[in-house]
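First comes the structure, then the notes that go with it.
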Amino acid sequence: MSSAMRKVSLRGLAAHKVRFSLTVLSVVLGTAFVAASFVFTQMLGNSFDDIVELSSDGVAVQVLPTEELSAGVPLALVEAVHDVEGVRAVEPTTAGALTLVGSDGKAVGSGGAPSVGFGWVSGADAVSQAGRLTDGRAPEAADEIVVNASAAEKAGLGVGDVTQVIPQSGSPLDVEVVGIHDSDVAGLGGFIGIGFAPERAIELFTDGVNASDLLVAADAGVDEQVITDRVAAVLPDGMTARSGSELREESTTEFQTALTFINAFLSAFGVIALVVGSFIIANTFSMVVAQRSREMALLRAVGASRGQVTRSVAVEALLVGVFGSALGLAAGFGLSKALSSVLSALGSGIPISGQSLSLQTVLVTMGVGVGITFLAAIVPARRAGRVAPVEAMRGEFASPSSDHTLRLVASFFLLAAGSFATWVGVTSSNETWLGAGFLGVAATVVIMSPILAPLVFSVIGPVLARPFGSIGRMARGNAARNPRRTAATALALALGLALVTVFSIVGASAKASLTQIANSGMRWDFVVGGPQGQPVPEGVLDALDTVQDAGTVVAVRAAPALVDGEVAFGFGMSGDVNAAIDLDLVDGEPDVSDTTILLNEDTALANGWEVGDDITLTVPGQAEVAQRVAGIYQSEYFSGWIVSGVTADLLVPEQQRAVFQAFVVGADGTDLPQLQSDLREAVAPYLTTTVDDREEFTASLTSQVDLLLGILYGLLALAVVISILGIVNTLGLSVVERRREIGMLRAVGMQRSQVRKAIYVESVLISVYGAIIGLGLGLGFGYLFARSLAEDGLDITVVPWDQAALFLVVAAVVGVLAALWPGHRAAMTRPLEAIAAE
Amino acid sequence: MTEQTRTIDDMARHAAGDRTRTGPEPAAQAVDVHRHYGAGENLVRALDGVSVTFPAGGFTAIMGPSGSGKSTLMHCLAGLDRATSGRVLIGDVDLGALNDKAMTRLRRDRLGFVFQSFNLVPTLTAIENITLPLDIAGRKPDQEWLDEVVDTLGIRDRLKHRPSELSGGQQQRVACARALASRPDVIFGDEPTGNLDSRSSGEVLGILRSSVDEMGQTVVIVTHDPRAASTADRVVFLADGRIAGEMADPTQESVLDAMKSMEG
């Protein structure tokens, strides 16, 4: 490329700063998403590494039971393992969930991160050498604790302070903080780690006989595999030893599986943002090229080759791409940071730490950004190169003629493929096929849009533009003037809105279904539960018993067991089950006693069990309980089975017992509001325990859907912002293009306000067109998605028409907002520009 | 015409001093008009003290060499540009007293325009273009008058066409129809035949001529074409921003001679 051509390109960029900025902005927004998804995933990875590190630091061998659900590893084994040659230290894992009470008397929230108590071991006896006391001393007496620094700060506690902790397994305990330790998990902002004296931890978090596992540290220089084999040799039947590497590997694999999902989710948004962004980039460049066609023709006329002209556009695109992607990288970094603070503020419990920018992130972001920008520009650039010099110099801005044949053929095949995939998806309730169908149909709409746009305008145009008379007529004409451009501009908005609509339908359906599930069979008046579905401390049950008018209390516990060697989950319920819930029985009697079991219909079918059968629930090393099937019920809420509370206690080792909920039925004639406040008072010492009536319970269930929807909407809002900028961009460039026409209109008597109004109406037409396309796609596929999820519990399909209407209104508002600046520029056009010579 | 417009006209009349006149009122008038561009050493005096009157019902052509200020004069007369000093009157309204909104309304309601090119809105049909100034004023066109204009200009069978489907001459006839449709006080033409072949430009000049003769219109055009100028009742010559002469009942030859003498 010659320096003269380069000069033309660079001066072109410099001369159109606004245009340049808008183009760069669309690249920035697109790439920011990609960068954010990479940075975010990496941050997650870093903190997971931290967690793995913390939980398995210094571990050479882990001793654990061979079978799942068993009581654990006998504490008696500690000594035997310690005696193995080369073993430096052995620590039984004695940890359990608890709530820390802050200096203000309120529970300290962990924001979804673990809040645990454990045995504090330090020095030579400790397996991990990572945790150190930064202040005070180690706990010795039963009422002494050490707190991690970040939790202590959040709780407002220091050495010497007296407070309370509420272990899952019991009642509030008075404790004194004697030390502060530094075992913080980086990024796990809310993490609360309370260290007790080892013996006290055994009391609090185990049955006194078993620990969940033993962690073994080796002497320096002893090979990990050698020591693992030696430890394994001393273990009794039912216990196994695995090396620390194996433990770390398993933890890492588990975390990575979780990461894959989050990464895919974020990348999907990145792709959406990029697709939307690339519409705008492509649109911008094709307009820029159209406007520059005279300049290019002049260059051709004075001897520039077609290749040189094309290259000059390509260079401009590369500059925009590189500049925009670099900014996008920085923006993505900030976005991931913002996302992580939002998530931790919402208490998602997703650990995030160590922002780092890897080479991979940089390469992918830059590659994608520059690549898409380049592709978006090269097509119009080649078109510009083909224009004969004389033709271009003579003509007004020639809008590219479009041949619909190719469009129709391509969209026919895409529509056929999309419809087929949709059909397969619908008939087999397969979301992947449906997704493919959505893509196919969306692509068809994209291709058909230049043909669709005039059709839609001829319908919505008269309605929307009529009140504005001739101004409206003019706006309609302008919107339809270049269908390809209008279509591409509107599609960015359409795509964003389509996805929002799909999510809003699925979300509304999920909420309605949840409400129905929660409401079905409710006989109870109140439900007592922990925060975010966590179990309530055992002591809560005793507290409930002290409330006079609490007629019936039904505690719901976990009652898992092995069925055919696989872990299956069920519920244990103490008290008068039938008073609290109305089980929808399909067979037998709703009789829950210590010798009978009720089966969920699905479980019964899967195992071929019938009423009257005797079945055995097995927990290795713990219990084998024979139960007779009394009845079979239908429920989305209580899967597996229901046994009595006594049976549940037989199945679950003491330290693993947990009460999920307790249902309370008021005695006859009870003043319910009074009862609720009595119950609340009774559980008040447990701080985080809630007492909800049915409505509150339903709201707490659906609030989780709202939370998820909120995050999704937040991400999609960015796609909508990009599309607004796209409209601003297109209109801004159109105004420049129509400068002379606007000048002429001003000359023959059009007021500035009328010029502005015409641009607003045009913009609203474009955005409403986008909204109609987006809502059409979104409503159709949202409905199909929700239907296909029916088998996964989305029983009710709800189409939130009010939201759809709202989106339409929002689109119109977006249209006006996007037109403010272009409208202003247009209104400032001087009438003389119409008659001024070139 | 709305109440408001009338009020503004009254205000303008008041601003103009509301002098009582004798004889036929001029349709447009420039009184010692200066129009300067730039400042200091770069000061350009596009108009340097021009006083000229355009009587109602007359057809005047403004001529002059490139840079003589003829276009600037017309722009100032037509409310497209503002005089640096001096007074410009349309009827008895002093344009200097009008803000942008009132000026725009005056152009819309009392003036007609025919430009050299880019006269029509490409997205509107011929008839929509013709009624455009009336439409944006929110006024109903006088159907009888509109029919007369359309038939006189011979564009009835083209009314539903878009500008891109019309020839250059047809487009300019539509532009003339638009200028005539609202029965303006003055029609201004900026090189109205500049882009046309000789047959089309003859037609357009014929239309303007007959609008004066038969409809009593006032027409002012800027041109460098002696043939166009010869259609007018009177030619005003401009040179270096000043009035350089005037000629009544011009012919092509007399205009050519005058131009030559000015350049020579």
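To be explicit about the labels: the chains of the structure tokens are called A, B, and onward in the order shown, and within each one the residues are counted from 1, while ligands get numbers from 1 in the order they are shown.
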Compile a residue-level contact table for chain A against chain B at a cut-off of 6 Å, reporting for every qualifying residue the shortest atom pair and its distance in Å to one decimal, with only C-alpha atoms counted, rows ordered by chain and ascending number, as JSON lines.
{"residue": "A:Ser470", "atom": "CA", "partner": "B:Asp135", "partner_atom": "CA", "distance": 5.7}
{"residue": "A:Gly477", "atom": "CA", "partner": "B:Thr123", "partner_atom": "CA", "distance": 5.1}
{"residue": "A:Val748", "atom": "CA", "partner": "B:Arg108", "partner_atom": "CA", "distance": 5.4}
{"residue": "A:Gly749", "atom": "CA", "partner": "B:Arg108", "partner_atom": "CA", "distance": 3.8}
**Asked** Using only C-alpha atoms, which residues sit within 10 Å of Val735 (chain A) once same-chain residues fewer than 3 positions away are excluded, as a PyMOL selection string?
**Response** chain A and resi 729-732+738-742+759+822-827+829
**Request:** Extract, using only C-alpha atoms, all DNA, RNA and protein residues at most 8 Å from region 37-54 of chain B, discarding same-chain residues fewer than 6 positions from it, and format them as a list in words.
**Result:** Pro26, Ala27, Ala28, Gln29, Ala30, Val31, Thr60, Gly67, Ser68, Gly69, Thr72, Leu73, Gly86, Val220, Asp240, Gly241, Arg242 and Ile243 of chain B
Suppose we keep C-alpha atoms; can you now write the selection as a compact mmCIF listing (two decimals), in the first residue's frame?
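Final file, part_31.txt:
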# COMPACT_ATOMS: atom_id res chain seq x y z
CA PRO B 26 -43.13 46.03 -4.20
CA ALA B 27 -43.18 42.25 -3.66
CA ALA B 28 -39.59 42.23 -2.46
CA GLN B 29 -37.10 44.90 -1.73
CA ALA B 30 -33.44 45.21 -0.73
CA VAL B 31 -32.32 48.47 0.89
CA THR B 60 -36.90 39.76 -12.89
CA GLY B 67 -18.58 35.92 -7.66
CA SER B 68 -20.67 38.98 -8.44
CA GLY B 69 -22.93 38.25 -5.48
CA THR B 72 -26.02 35.85 -2.26
CA LEU B 73 -28.51 38.58 -3.12
CA GLY B 86 -29.36 46.88 5.42
CA VAL B 220 -37.14 36.41 -9.42
CA ASP B 240 -18.48 42.90 -7.29
CA GLY B 241 -21.40 42.98 -4.92
CA ARG B 242 -22.95 46.11 -6.36
CA ILE B 243 -25.73 46.83 -8.81
Per-residue nearest contacts of region 612-699 of chain A to region 528-532 of chain A (10 Å; only C-alpha atoms) as CSV:
residue,atom,partner,partner_atom,distance
A:Val659,CA,A:Gly529,CA,8.5
A:Phe660,CA,A:Gly529,CA,6.5
A:Gln661,CA,A:Gly529,CA,4.8
A:Ala662,CA,A:Val528,CA,5.0
A:Phe663,CA,A:Val528,CA,6.3
A:Val664,CA,A:Val528,CA,7.6
A:Leu679,CA,A:Val528,CA,8.8
A:Arg680,CA,A:Val528,CA,9.1
A:Val683,CA,A:Val528,CA,9.0
A:Tyr686,CA,A:Gly530,CA,9.4
A:Leu687,CA,A:Gly530,CA,9.4
A:Thr688,CA,A:Pro531,CA,6.0
A:Thr689,CA,A:Gly530,CA,4.8
A:Thr690,CA,A:Gly529,CA,5.4
A:Val691,CA,A:Val528,CA,4.6
A:Asp692,CA,A:Val528,CA,6.5
A:Asp693,CA,A:Val528,CA,9.0
A:Phe697,CA,A:Val528,CA,9.4
Would you save the residues from that selection as a tab-separated table (two decimals), in the first residue's frame, using C-alpha atoms?
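Here's the written file out_2.tsv:
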chain	number	residue	atom	x	y	z
A	659	VAL	CA	-33.56	-30.56	58.99
A	660	PHE	CA	-34.46	-28.86	55.72
A	661	GLN	CA	-37.77	-27.45	56.75
A	662	ALA	CA	-40.38	-27.74	59.40
A	663	PHE	CA	-44.05	-27.36	58.54
A	664	VAL	CA	-46.27	-25.89	61.19
A	679	LEU	CA	-42.93	-18.75	66.06
A	680	ARG	CA	-40.61	-15.99	64.94
A	683	VAL	CA	-36.60	-19.13	66.57
A	686	TYR	CA	-31.18	-18.83	65.54
A	687	LEU	CA	-30.99	-15.56	63.64
A	688	THR	CA	-31.10	-16.92	60.10
A	689	THR	CA	-34.13	-19.13	60.58
A	690	THR	CA	-37.25	-17.84	58.85
A	691	VAL	CA	-40.93	-18.44	59.43
A	692	ASP	CA	-42.89	-17.95	56.20
A	693	ASP	CA	-46.56	-18.28	55.40
A	697	PHE	CA	-42.68	-19.21	50.86
Can you pull out the residues contacting Leu359 (chain A)? Cut-off 12 Å, using only C-alpha atoms, and skip same-chain residues under 2 positions away; I want them as a PDB file with C-alpha atoms, in the first residue's frame.
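File selection_18.pdb, as written:
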ATOM      1  CA  ALA A  35     -12.943 -10.714  26.979  1.00  0.00           C
ATOM      2  CA  PHE A  38     -12.597 -15.302  29.403  1.00  0.00           C
ATOM      3  CA  VAL A  39     -11.348 -13.169  32.274  1.00  0.00           C
ATOM      4  CA  GLN A  42     -10.121 -17.500  34.581  1.00  0.00           C
ATOM      5  CA  LEU A 329     -10.271  -6.024  26.180  1.00  0.00           C
ATOM      6  CA  SER A 356      -5.458 -11.836  35.419  1.00  0.00           C
ATOM      7  CA  LEU A 357      -5.117 -11.223  31.744  1.00  0.00           C
ATOM      8  CA  THR A 361      -7.676 -13.929  26.500  1.00  0.00           C
ATOM      9  CA  VAL A 362      -5.751 -11.272  24.616  1.00  0.00           C
ATOM     10  CA  LEU A 363      -5.320 -13.393  21.505  1.00  0.00           C
ATOM     11  CA  VAL A 364      -8.919 -14.590  21.334  1.00  0.00           C
ATOM     12  CA  THR A 365     -10.406 -11.148  21.972  1.00  0.00           C
ATOM     13  CA  MET A 366      -8.154  -9.377  19.515  1.00  0.00           C
ATOM     14  CA  GLY A 367      -8.510 -12.146  16.948  1.00  0.00           C
TER      15      GLY A 367
END
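Taking CA of Gly169 (chain B) as the reference point, CA of Arg156 (chain B) is found at 14.4 Å.
Non-sequential neighbours of Glu654 (chain A) (distance at most 10 Å, separation of 3 or more positions within a chain, only C-alpha atoms) are Ala71, Ser169, Phe205, Thr206, Asp207, Gly208, Asn210, Asp649, Leu650, Leu651, Arg657 and Ala658 of chain A.
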If you keep N, CA and C atoms, can you produce a file of those selected residues as an mmCIF file, in the first residue's frame?
data_model
loop_
_atom_site.group_PDB
_atom_site.id
_atom_site.type_symbol
_atom_site.label_atom_id
_atom_site.label_comp_id
_atom_site.auth_asym_id
_atom_site.auth_seq_id
_atom_site.Cartn_x
_atom_site.Cartn_y
_atom_site.Cartn_z
ATOM 1 N N ALA A 71 -21.078 -43.943 57.613
ATOM 2 C CA ALA A 71 -20.877 -43.053 58.749
ATOM 3 C C ALA A 71 -19.548 -42.311 58.688
ATOM 4 N N SER A 169 -25.905 -28.465 63.977
ATOM 5 C CA SER A 169 -26.353 -29.636 64.717
ATOM 6 C C SER A 169 -26.947 -29.304 66.079
ATOM 7 N N PHE A 205 -19.219 -31.577 65.635
ATOM 8 C CA PHE A 205 -19.456 -31.864 64.220
ATOM 9 C C PHE A 205 -19.406 -33.347 63.868
ATOM 10 N N THR A 206 -19.190 -34.212 64.845
ATOM 11 C CA THR A 206 -19.203 -35.633 64.531
ATOM 12 C C THR A 206 -20.087 -36.348 65.542
ATOM 13 N N ASP A 207 -20.267 -37.651 65.287
ATOM 14 C CA ASP A 207 -21.049 -38.448 66.230
ATOM 15 C C ASP A 207 -20.174 -38.923 67.388
ATOM 16 N N GLY A 208 -18.936 -38.437 67.409
ATOM 17 C CA GLY A 208 -18.026 -38.816 68.470
ATOM 18 C C GLY A 208 -17.226 -40.056 68.150
ATOM 19 N N ASN A 210 -16.953 -41.184 64.439
ATOM 20 C CA ASN A 210 -16.455 -41.155 63.064
ATOM 21 C C ASN A 210 -16.153 -39.723 62.600
ATOM 22 N N ASP A 649 -33.579 -41.101 60.796
ATOM 23 C CA ASP A 649 -32.465 -41.059 61.741
ATOM 24 C C ASP A 649 -31.647 -42.344 61.702
ATOM 25 N N LEU A 650 -32.322 -43.478 61.401
ATOM 26 C CA LEU A 650 -31.590 -44.737 61.278
ATOM 27 C C LEU A 650 -30.670 -44.699 60.060
ATOM 28 N N LEU A 651 -31.151 -44.046 59.012
ATOM 29 C CA LEU A 651 -30.424 -44.068 57.743
ATOM 30 C C LEU A 651 -29.231 -43.103 57.738
ATOM 31 N N ARG A 657 -26.992 -35.448 59.878
ATOM 32 C CA ARG A 657 -28.428 -35.170 59.899
ATOM 33 C C ARG A 657 -28.692 -33.685 59.682
ATOM 34 N N ALA A 658 -29.762 -33.432 58.961
ATOM 35 C CA ALA A 658 -30.104 -32.033 58.697
ATOM 36 C C ALA A 658 -31.604 -31.887 58.539
#
**Item:** Separation of CA of Val177 (chain A) from CA of Ile145 (chain A) in Å
**Value:** 5.0 Å
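Counting only C-alpha atoms, Leu25 (chain A) has the following residues at most 10 Å away, ignoring those fewer than 6 positions along the same chain: Arg19, Thr31, Gly277, Ile280, Ile281, Val320, Phe323, Gly324, Ser325, Leu327, Gly328, Ile722, Leu725 and Gly726 of chain A.
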**Prompt:** Where in region 3-238 of chain B does DSSP assign strand (DSSP E), given as a ChimeraX atom specification?
**Reply:** /B:26-37,44-55,59-63,85-90,93-94,111-114,186-190,219-222,234-238
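Using only C-alpha atoms, the protein and nucleic acid residues lying no more than 12 Å from Gly469 (chain A), apart from those fewer than 2 places from it along its own chain, are Gly461, Pro462, Val463, Leu464, Ala465, Arg466, Pro467, Ile471, Gly472, Arg473, Met474, Ala475, Arg476, Gln754, Lys757, Ala758 and Val761 of chain A; Glu128, Leu132, Leu134, Asp135, Ile136, Ala137, Gly138, Arg139 and Lys140 of chain B.
Here CA of Leu832 (chain A) is placed at a distance of 7.7 Å from CA of Met744 (chain A).
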